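Enquirer: Provided herewith is a single structure, encoded as structure tokens, for subsequent inquiry.
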Amino acid sequence: MAARTHEARVTRGWKLYDPRLAWLLVAPTALLLLCFLVLPILVMGVYTFFTFVTAGVEDATLTWANWHEFLTDSYYHGFLLKTLRVGVVTAAICGVVGYFPAYFIWATGFRHKWLLLLLLIVPFWISFTIRTFSWIHILGEQGLINVWLMNLGLIDAPLRMLYTEGAVIMGLIHFLLPYMILNIYVSLEGIDRTLISAARSMGCTNAQAFREVTLPLSLPGLAAGLMLCFVLAAGSYVTPQLLGSGRDALFGNLIYDTIMGQLNWPMGATLSIVLFFVLGSVAALYTRYMGMSQIVKGLGG
Amino acid sequence: MSGSRDNEGRWAWLLTRLVTVLVYIFMFAPILATVILSFNKSMFGGFPMTGFSFQWYGKLLENAAVIQAFKTSLWIAVVTAAVTTLVGIVTALALVRFDFRGKGILGTMVILPALVPETILGVGLLILIKSIDQPRSLPILMLGHILLALPYVVLIAQARMVGVKRIYEEAAMSLGASRLATFREITLPLLIPAVVAGALLAFTISFDNTSASLFWRPAGVETMPTQILSMLTSISPEVNALGTVMIVMTVGIPLIGGILIQIFTRRAKRFKTRETAR
């Protein structure tokens, strides 16, 4: 009898949850990840040691020249520092500003909560390029703010708001705020509400219950949001391109110009590897303490 | 004493509401401005409004480059959505149901394309195909888009798959259904919401992709976002009209999809209650 059940579970020599079958199922994904993610980064790593001859031409002679140039030229250090600064500022503002709506959606008794959540997801459907350039209508010389202020007679000449670092950070916040709010919200949703009732019944005021119970329990979501916002901001290309002047370019723009403009592939590879390791170590540091699960929830939800 | 402490909470809540309203205004004001300005009669892309006109939409239809970019993007996005959904669902099935060596690594690796900046993915792939002397081509661009959309589809499918009990599948198989029949008759119908959501998201990710496409597109090929970027050297009313068309499309499609899912699940529920009532 036992033998027959066992036989039923084995079809043509394959167990029901045969690891070989699993490998067949994940083969396309594994192949894609290998060819389009792992191999490119490895080849890029090798390319950092190639010799740049002239635009678009390089030599497979191995050299430290690219790394030497990166490590000694303060031009690159400036870009890297500015990129990290913009990333940190963006993530911090997103964290502070994003907490309020997340808390509101979680705590409100409003019947159409789903609508508020839907409105947070709608921006993901709107082309990122369009969302970014639409800021020109608000901040530009013919933008909403300048036209209003001029009509009110408060200013004589348009204020210069567009093509500044502030505009770049604003565009990044506009792009990243939904990520932050959703991450915090997911984390708040996971809180057992009876804990808050318990704190209240022990004599906590609402504010105390928030400080002692809700806020600490929502920190994993906040941390995941901060990490995501930092990495995505520091890796951005389109936003500084559209809303910043040449001086507000970030590391992503530097890489693009090095490769597509100067056709200096070895240096472009070097800069990409640098950005990869800098952002990768931030993400690794985060996963070391927080694990991957919160990020997974944030991205999937 | 307790009155002043409660006041603190009341002020905090008021502040929360205020910031929430401001955040929603912040999120949508620029987009609204673009939509409104697309109907502006003025030759210039900015404020003030000088009159109402549809002329820029007409202009758009005559713009061959825009139409061509639209077709290219649509075609790439449809293929990306189809392939990513298929591959993603199958991968999620393996990750949730099976135990195999390397499962942990694969589960982490598959999320990476969503976290690694597109500039890096873009440069990496470009250098790889350069090093093996391959030209940039549409299939490579599509495979790149599939890579970028895959994490989201796998995560959505995984989340749904966890909720589908394996007993259903095992019951079907013990009753003699083949693996494929079980997947078709049991697993797939239960996964439909994840399939639709995943496909829509993959479509949007591909249709919207800018940074990586700038690296990967073959010479002379423009996708919709790269076309918009090239038109942005000056803000013309035509760009606003194009933006509005895109917004209506990319928001409309998922909304209709979502409503369809709602209707389907509601009908399925009604069907189920009728069955149990019998």
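Just so we're on the same page: first chain in the structure tokens is A, next is B, and so on; residues restart at 1 for each chain, and ligands are numbered from 1 in the order they show up.
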Give the residues of chain B that lie within 6 Å of chain A; count only C-alpha atoms, and format the answer as a ChimeraX atom specification.
Expert: /B:9,16,20,30-31,34,46-47,90-91,94,98,100,117,120,124-125,128,155-156,208,243,247,250-251
Enquirer: For Phe44 in chain B, which of B:Val239, B:Val123, B:Leu141, B:Ala81 is the closest residue, counting only C-alpha atoms?
Expert: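 Nearest to Phe44 in chain B: B:Val239.
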Enquirer: Residues of range 57-257 of chain B classed as alpha helix (DSSP H) by DSSP on the backbone are to be reported as a ChimeraX atom specification.
Expert: /B:57-62,64-97,103-109,112-115,118-131,138-162,166-174,179-182,188-208,211-216,224-231,237-257
Enquirer: So that I can see what lies close to Leu226 in chain A, please list as a ChimeraX atom specification the residues with an atom at most 8 Å from it, counting only C-alpha atoms and leaving out residues fewer than 6 positions away in the same chain.
Expert: /A:91-92,94-95,180
Enquirer: Export C-alpha atoms of the chosen residues as a short mmCIF file (atom, residue, chain, number, x, y, z; two decimals), in the first residue's frame?
Expert:
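File result11.cif, as written:
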data_model
loop_
_atom_site.label_atom_id
_atom_site.label_comp_id
_atom_site.auth_asym_id
_atom_site.auth_seq_id
_atom_site.Cartn_x
_atom_site.Cartn_y
_atom_site.Cartn_z
CA ALA A 91 15.97 60.12 1.28
CA ALA A 92 15.81 62.14 4.51
CA CYS A 94 11.16 61.67 1.77
CA GLY A 95 11.31 59.95 5.16
CA MET A 180 8.56 55.82 0.85
#
